[in-house]
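Presented below is the structure to which this report refers.
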Amino acid sequence: MLSIAEILQGNPSDSDYNKKPVIIQGITGNYGSYHTQRMLEYGTNIVAGVTPGKGGKKHKNIPVYNTVKEAVDATGSKISIMFVPAKFFLGAAKEAIEAGIKLLVAIPEHVPVRDTLELLELAKKKDAIIIGPNTPGVLIPKVIKLGIMPASPFKLGNIGVLSKSGTLLYEISYNLSEAGFGQCITIGIGGDPINGTRLVDAFVMIADYPNLDGIVVVGEIGGDAEETLAQHVIDSNFKKPVVAYIAGRAAPKEKKMGHAGAIVYGNYGSAESKVSMFNKANIPVAKRPGEIPMLLAEKLKQSD
Amino acid sequence: MRLLEYQAKELFAEYGIKIPRGLTSKDIKQGRKDAQELGFPFVIKSQVPVGGRGKAGAIQICHNQDEFELKYPQILEMSVKGEKTRAILLEKMAEIKKELYLSVFLNRGKRCYTIISSSDGGVEIESVKNQVIREIGLGEIDKQVAEDVAKEIGLEGNSVSDFVDFLQKLSKITIEKEVELAEINPVAVLDDGSLLALDGKIITDDNANFRHPELLKYQEQTELEERAEKSGFSLVELDGDIAVVGNGAGLVMSTLDMLSDNGGKPACFLDVGGGATEESVYEALILISKMENVKGILVNLFGGIVKTTTVATAFIKAYKNKLIDHIVYARLKGAEAEKSKEMLKNTQTQLFDSVEEAINAAVIGVRKNA
């Protein structure tokens, strides 16, 4: 599999290094159009849009195609970001992967899990990475913004941030930036029960990232992604500092807390279970988002 | 959504999974008719969307009319883990040789459907011993796999073919109804070796509701939850006195945690969604104005793209329209925070730079007014 850094940035010898071409699926919709503008402002190299029935037109001076295949053929892009309604998600996502997209950032919320599972079978066959669904996206400060996150919380630096939640990703990145800890990459995993890229997959993707000083993991109740990640940190004997935050300690059981995946059944998915696994992996867990920079600073000091 | 036992059993019956004879009622008048039709003895079972009914006394055997007149109203009035009885299922009892555990569920970690079965059923899944676990991809279960599981949990004779039948039908329900969990606990093995589903639990994927109009009759929503859903919000009503509002599920959960850490009691979890606009915040305040136990409102918005002045306008409008008279303790992160503070100077809204400060003020303020 191509590494995420390779797809997003390429190699310094590439003519389009740090300017990898991106396709927007659903570019003419309100939401897609708004965020296309924000991504362009950030410097993302958007080369084509796809909206069935609107092919041949231009939107914000970007050529629009009827199909992803046409857009890929015309631009050679391997990255697509989707703003299509959940109902049409599976069809559009499959179309992208069939057309040769290698990194699909799936923004839509409320995608049925069966559709995600079906997409993942195809992605596995075609060796493609899916981020999301229900993700805020991926951002490399000063290089590329592929998502709906505001730009202001993020500063360039050497910390990787992985998060299930969107707004907590912004909040914690903001806290980190304020404390002088810029980021080398931030990835929103998404708040769904089934993630195209799991927390542990994202961890593996960035573990060898150039200049990485440490990783911040922003988890929340539901499932066992945090436990799996903690186990991986133990098994791989990962040496760089990792700190975590878990949202949802005070949430009642068996209630869906906003995200489709944020639900506790018995002990499964509980904050206690996650915190106890993080403790085992020697990963400090912040009580509140504002505590993260301090915990990270302590960890970095220890590892010096 | 989570189906009640009798609803899950309706689906079981539709797919041909054998269930005991039973009738469901919501008042004693209908209950008496049901009792007569079934004939004593039978079991009276509270229908609630939580486990632990047996321990709570919400499932009881009933032998005669006198017992019925005593127990039916008792169980109808009962709550289990804070959940009120929604209906009563009267069900015939069976002679049971053995109780098994069987479920098909969405395995989040492995990203596939998975079977769990055991010869030690009848207890909560956490306590089920000797679990046999099989990953089954997108949910199809072929006969061989089902037979292997049956044999591994020690079934013999006609129990095996009944088990295969149950499991394949459970798989069909899982696929066709887009289920996250379909559980039969216990599956009874009767004297003649045949199987019977004594209980049923089904949780479906809410995000697939649009493909399942036939399931909507099972959806249970309060008026406020329904309104919230229409606005694209997520609302969980809680029993405290400080309403918690924010944008993004993670941020609101985090605010709830910090409020609880500081001795505050949340009245609700209200996520207005990733963005925040004047309209969405105003609509959130409308919902909160309908909650009787609310004494203060804690708002935590990470704007980023949004201007805080837009949100401030919603607060001002809400006070002007006398929608709310509570104090709003707000942390608005985003552009034009100073201007917003100026705008809100003479209102009941207090603006804070950090969420920690807003929470402290809310806890103290609400306690003072209590």
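All residue names refer to the structure tokens as shown: chains lettered A, B, ... in order, residues numbered from 1 in each chain, ligands numbered from 1 in order.
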
So that I can see what lies close to Gly214 (chain A), please list as a PyMOL selection string the residues with an atom at most 7 Å from it, counting only C-alpha atoms and leaving out residues fewer than 5 positions away in the same chain. chain A and resi 159-160+240-242

Applying 12 Å and only C-alpha atoms, which residues near Gln37 (chain A) remain after dropping the ones on its own chain fewer than 3 positions away? List them as a list in words. Ile24, Ile27, Thr28, Asn30, Tyr31, Gly32, Ser33, Tyr34, Leu40, Glu41, Tyr42, Gly43, Thr44, Asn45, Ile46, His59, Lys60, Asn61, Ile62, Lys145, Leu146, Gly147, Ile148 and Pro150 of chain A

What are the DSSP helix (DSSP H, G or I) residues of region 95-327 of chain B, as JSON, numbers by chain? {"B": [125, 126, 127, 143, 144, 145, 146, 147, 148, 149, 150, 151, 152, 158, 159, 160, 161, 162, 163, 164, 165, 166, 167, 168, 169, 170, 171, 172, 173, 174, 175, 176, 177, 206, 207, 208, 209, 210, 211, 213, 214, 215, 216, 217, 218, 223, 224, 225, 226, 227, 228, 229, 230, 249, 250, 251, 252, 253, 254, 255, 256, 257, 258, 259, 260, 261, 278, 279, 280, 281, 282, 283, 284, 285, 286, 287, 288, 289, 308, 309, 310, 311, 312, 313, 314, 315, 316, 317, 318, 319, 320]}

Each residue of chain A lying at most 9 Å from chain B should get a row with its shortest atom-to-atom pair and the distance in Å to one decimal, counting only C-alpha atoms; could you produce that, ordered by chain and increasing number, as JSON lines?
{"residue": "A:Ala86", "atom": "CA", "partner": "B:Asn207", "partner_atom": "CA", "distance": 8.6}
{"residue": "A:Lys87", "atom": "CA", "partner": "B:Phe210", "partner_atom": "CA", "distance": 8.3}
{"residue": "A:Glu109", "atom": "CA", "partner": "B:Asn207", "partner_atom": "CA", "distance": 8.8}
{"residue": "A:His110", "atom": "CA", "partner": "B:Asn207", "partner_atom": "CA", "distance": 5.0}
{"residue": "A:Val111", "atom": "CA", "partner": "B:Asn207", "partner_atom": "CA", "distance": 5.9}
{"residue": "A:Pro112", "atom": "CA", "partner": "B:Asn207", "partner_atom": "CA", "distance": 4.8}
{"residue": "A:Val113", "atom": "CA", "partner": "B:Asp205", "partner_atom": "CA", "distance": 7.2}
{"residue": "A:Arg114", "atom": "CA", "partner": "B:Glu178", "partner_atom": "CA", "distance": 7.0}
{"residue": "A:Leu117", "atom": "CA", "partner": "B:Arg111", "partner_atom": "CA", "distance": 6.9}
{"residue": "A:Glu118", "atom": "CA", "partner": "B:Leu138", "partner_atom": "CA", "distance": 7.6}
{"residue": "A:Leu120", "atom": "CA", "partner": "B:Arg111", "partner_atom": "CA", "distance": 8.8}
{"residue": "A:Pro136", "atom": "CA", "partner": "B:Gly274", "partner_atom": "CA", "distance": 8.8}
{"residue": "A:Met149", "atom": "CA", "partner": "B:Gly304", "partner_atom": "CA", "distance": 7.9}
{"residue": "A:Pro150", "atom": "CA", "partner": "B:Gly304", "partner_atom": "CA", "distance": 5.1}
{"residue": "A:Ala151", "atom": "CA", "partner": "B:Gly304", "partner_atom": "CA", "distance": 7.5}
{"residue": "A:Ser152", "atom": "CA", "partner": "B:Gly304", "partner_atom": "CA", "distance": 6.6}
{"residue": "A:Pro153", "atom": "CA", "partner": "B:Gly304", "partner_atom": "CA", "distance": 7.5}
{"residue": "A:Lys164", "atom": "CA", "partner": "B:Gly250", "partner_atom": "CA", "distance": 7.9}
{"residue": "A:Ser165", "atom": "CA", "partner": "B:Gly250", "partner_atom": "CA", "distance": 5.1}
{"residue": "A:Gly166", "atom": "CA", "partner": "B:Gly248", "partner_atom": "CA", "distance": 6.6}
{"residue": "A:Thr167", "atom": "CA", "partner": "B:Gly248", "partner_atom": "CA", "distance": 5.4}
{"residue": "A:Leu168", "atom": "CA", "partner": "B:Leu251", "partner_atom": "CA", "distance": 5.3}
{"residue": "A:Leu169", "atom": "CA", "partner": "B:Gly250", "partner_atom": "CA", "distance": 8.8}
{"residue": "A:Tyr170", "atom": "CA", "partner": "B:Phe302", "partner_atom": "CA", "distance": 7.7}
{"residue": "A:Glu171", "atom": "CA", "partner": "B:Phe302", "partner_atom": "CA", "distance": 7.0}
{"residue": "A:Gly191", "atom": "CA", "partner": "B:Ala249", "partner_atom": "CA", "distance": 8.5}
{"residue": "A:Pro193", "atom": "CA", "partner": "B:Arg108", "partner_atom": "CA", "distance": 6.0}
{"residue": "A:Ile194", "atom": "CA", "partner": "B:Arg108", "partner_atom": "CA", "distance": 5.7}
{"residue": "A:Asn195", "atom": "CA", "partner": "B:Arg111", "partner_atom": "CA", "distance": 8.2}
{"residue": "A:Arg198", "atom": "CA", "partner": "B:Gly109", "partner_atom": "CA", "distance": 8.3}
{"residue": "A:Gly219", "atom": "CA", "partner": "B:Gly250", "partner_atom": "CA", "distance": 8.6}
{"residue": "A:Glu220", "atom": "CA", "partner": "B:Gly250", "partner_atom": "CA", "distance": 7.0}
{"residue": "A:Gly223", "atom": "CA", "partner": "B:Arg108", "partner_atom": "CA", "distance": 6.2}
{"residue": "A:Asp224", "atom": "CA", "partner": "B:Gly109", "partner_atom": "CA", "distance": 6.4}
{"residue": "A:Ala225", "atom": "CA", "partner": "B:Gly109", "partner_atom": "CA", "distance": 6.5}
{"residue": "A:Thr228", "atom": "CA", "partner": "B:Gly109", "partner_atom": "CA", "distance": 8.0}
{"residue": "A:Ile246", "atom": "CA", "partner": "B:Ser254", "partner_atom": "CA", "distance": 8.1}
{"residue": "A:Ala247", "atom": "CA", "partner": "B:Ser254", "partner_atom": "CA", "distance": 4.9}
{"residue": "A:Gly248", "atom": "CA", "partner": "B:Met253", "partner_atom": "CA", "distance": 5.0}
{"residue": "A:Arg249", "atom": "CA", "partner": "B:Asp257", "partner_atom": "CA", "distance": 5.8}
{"residue": "A:Ala250", "atom": "CA", "partner": "B:Asp257", "partner_atom": "CA", "distance": 4.9}
{"residue": "A:Ala251", "atom": "CA", "partner": "B:Met253", "partner_atom": "CA", "distance": 7.1}
{"residue": "A:Pro252", "atom": "CA", "partner": "B:Leu238", "partner_atom": "CA", "distance": 8.5}
{"residue": "A:Glu254", "atom": "CA", "partner": "B:Val50", "partner_atom": "CA", "distance": 8.3}
{"residue": "A:Lys255", "atom": "CA", "partner": "B:Val236", "partner_atom": "CA", "distance": 7.5}
{"residue": "A:Lys256", "atom": "CA", "partner": "B:Val236", "partner_atom": "CA", "distance": 7.9}
{"residue": "A:Met257", "atom": "CA", "partner": "B:Ala249", "partner_atom": "CA", "distance": 6.5}
{"residue": "A:Gly258", "atom": "CA", "partner": "B:Ala249", "partner_atom": "CA", "distance": 4.8}
{"residue": "A:His259", "atom": "CA", "partner": "B:Ala249", "partner_atom": "CA", "distance": 6.0}
{"residue": "A:Ala260", "atom": "CA", "partner": "B:Asn207", "partner_atom": "CA", "distance": 8.0}
{"residue": "A:Ala262", "atom": "CA", "partner": "B:Ala249", "partner_atom": "CA", "distance": 8.6}
{"residue": "A:Gly266", "atom": "CA", "partner": "B:Glu126", "partner_atom": "CA", "distance": 7.8}
{"residue": "A:Asn267", "atom": "CA", "partner": "B:Glu126", "partner_atom": "CA", "distance": 8.4}
{"residue": "A:Lys287", "atom": "CA", "partner": "B:Met258", "partner_atom": "CA", "distance": 8.0}
{"residue": "A:Arg288", "atom": "CA", "partner": "B:Met258", "partner_atom": "CA", "distance": 6.8}
{"residue": "A:Pro289", "atom": "CA", "partner": "B:Ser254", "partner_atom": "CA", "distance": 7.9}
{"residue": "A:Gly290", "atom": "CA", "partner": "B:Glu356", "partner_atom": "CA", "distance": 8.9}

Write down as number ranges by chain the residues of region 106-255 of chain A whose backbone DSSP state falls under strand (DSSP E or B). A: 106, 129-131, 137-140, 144-147, 156-163, 183-188, 214-220, 242-247

Deliver the residues from the most recent selection as a file, using C-alpha atoms, as a short mmCIF file (atom, residue, chain, number, x, y, z; two decimals), in the first residue's frame.
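Output saved as again.cif:
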data_model
loop_
_atom_site.label_atom_id
_atom_site.label_comp_id
_atom_site.auth_asym_id
_atom_site.auth_seq_id
_atom_site.Cartn_x
_atom_site.Cartn_y
_atom_site.Cartn_z
CA ALA A 106 -15.40 10.57 3.04
CA ILE A 129 -7.26 4.12 1.70
CA ILE A 130 -10.64 5.35 2.95
CA ILE A 131 -10.68 8.06 5.62
CA GLY A 137 -10.71 15.10 6.99
CA VAL A 138 -6.93 15.21 6.88
CA LEU A 139 -4.64 18.22 7.14
CA ILE A 140 -0.92 18.77 6.79
CA ILE A 144 -2.76 20.45 2.15
CA LYS A 145 -6.22 20.65 3.68
CA LEU A 146 -8.57 17.85 2.69
CA GLY A 147 -11.63 18.42 4.78
CA LEU A 156 3.23 23.52 11.33
CA GLY A 157 5.28 21.37 13.69
CA ASN A 158 6.20 17.82 14.66
CA ILE A 159 3.18 16.36 16.44
CA GLY A 160 0.71 13.94 14.85
CA VAL A 161 -2.91 14.23 15.98
CA LEU A 162 -5.48 11.46 15.45
CA SER A 163 -9.09 12.03 16.43
CA GLN A 183 1.50 19.47 13.89
CA CYS A 184 3.05 17.50 11.05
CA ILE A 185 -0.25 15.79 10.19
CA THR A 186 -3.73 15.57 11.69
CA ILE A 187 -6.22 12.87 10.75
CA GLY A 188 -9.90 12.72 11.62
CA GLY A 214 4.98 12.50 19.33
CA ILE A 215 1.37 11.50 18.77
CA VAL A 216 -1.81 12.79 20.39
CA VAL A 217 -4.79 10.41 20.31
CA VAL A 218 -8.24 11.91 20.77
CA GLY A 219 -10.70 9.12 21.47
CA GLU A 220 -14.21 8.86 22.72
CA VAL A 242 1.96 9.25 23.00
CA VAL A 243 -0.69 11.07 25.03
CA ALA A 244 -4.46 10.69 24.88
CA TYR A 245 -7.79 12.23 25.67
CA ILE A 246 -11.08 10.33 25.96
CA ALA A 247 -14.43 12.11 25.72
#

Could you check how far CA of Gly240 (chain B) sits from CA of Cys268 (chain B), in Å to one decimal? 7.5 Å

Which residues, written as a count of residues only, have at least one atom at most 12 Å from Glu223 (chain B), with only C-alpha atoms counted and residues fewer than 5 positions away on the same chain left out? 8

For Val68 (chain A), which residue among A:Ile292, A:Ala286, A:Met205, A:Ala96 is the nearest when counting only C-alpha atoms?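 Of the candidates, the smallest distance to Val68 (chain A) is held by A:Ala96.
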
CA of Lys78 (chain A) to CA of Lys58 (chain A), distance in Å rounded to a single decimal: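 Going from CA of Lys78 (chain A) over to CA of Lys58 (chain A), I get 20.6 Å.
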
Give me, as a list in words, all polymer residues having an atom no more than 6 Å from region 7-9 of chain B, counting only C-alpha atoms and skipping those fewer than 5 positions away in the same chain.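 Returned residues: Gly200, Lys201 and Ile202 of chain B.
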
File dump, residues just selected, N, CA and C atoms, as a compact mmCIF listing (two decimals), in the first residue's frame:
# COMPACT_ATOMS: atom_id res chain seq x y z
N GLY B 200 -35.56 -11.86 22.96
CA GLY B 200 -35.06 -11.32 21.70
C GLY B 200 -34.60 -9.90 21.89
N LYS B 201 -33.46 -9.60 21.30
CA LYS B 201 -32.96 -8.23 21.35
C LYS B 201 -32.44 -7.88 19.97
N ILE B 202 -32.96 -6.79 19.41
CA ILE B 202 -32.49 -6.36 18.09
C ILE B 202 -32.18 -4.87 18.14

When you count only C-alpha atoms, which of these residues is closest to Thr349 (chain B): B:Gln36, B:Ser127, B:Gln60, B:Thr313?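 Comparing B:Gln36, B:Ser127, B:Gln60, B:Thr313 against Thr349 (chain B), the winner is B:Thr313.
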
Between CA of Leu285 (chain B) and CA of Glu342 (chain B), what is the distance, to one decimal in Å?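 Between CA of Leu285 (chain B) and CA of Glu342 (chain B) the gap works out to 20.9 Å.
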
Mind checking which residues fall within 10 Å of Gly52 (chain B), counting only C-alpha atoms, ignoring those fewer than 6 positions away in the same chain, and posting them as an NGL selection string? :B and (58-59 or 80-81 or 123-124)

Could the residues in this selection be saved with C-alpha atoms as an mmCIF file, in the first residue's frame?
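New file out05.cif:
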data_model
loop_
_atom_site.group_PDB
_atom_site.id
_atom_site.type_symbol
_atom_site.label_atom_id
_atom_site.label_comp_id
_atom_site.auth_asym_id
_atom_site.auth_seq_id
_atom_site.Cartn_x
_atom_site.Cartn_y
_atom_site.Cartn_z
ATOM 1 C CA ALA B 58 -39.951 -7.110 36.033
ATOM 2 C CA ILE B 59 -40.475 -10.708 34.849
ATOM 3 C CA VAL B 80 -35.884 -0.888 35.119
ATOM 4 C CA LYS B 81 -32.633 1.122 35.243
ATOM 5 C CA VAL B 123 -27.078 -14.727 31.581
ATOM 6 C CA GLU B 124 -25.814 -11.362 30.322
#

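Within 12 Å of Tyr15 (chain B), once only C-alpha atoms are used and residues closer than 5 positions along the same chain are dropped, the contacting residues are Ala8, Lys9, Glu10, Asp165, Phe166, Leu167, Gln168, Lys169, Leu170, Ser171, Lys172, Ile173, Thr174, Glu176 and Lys177 of chain B.
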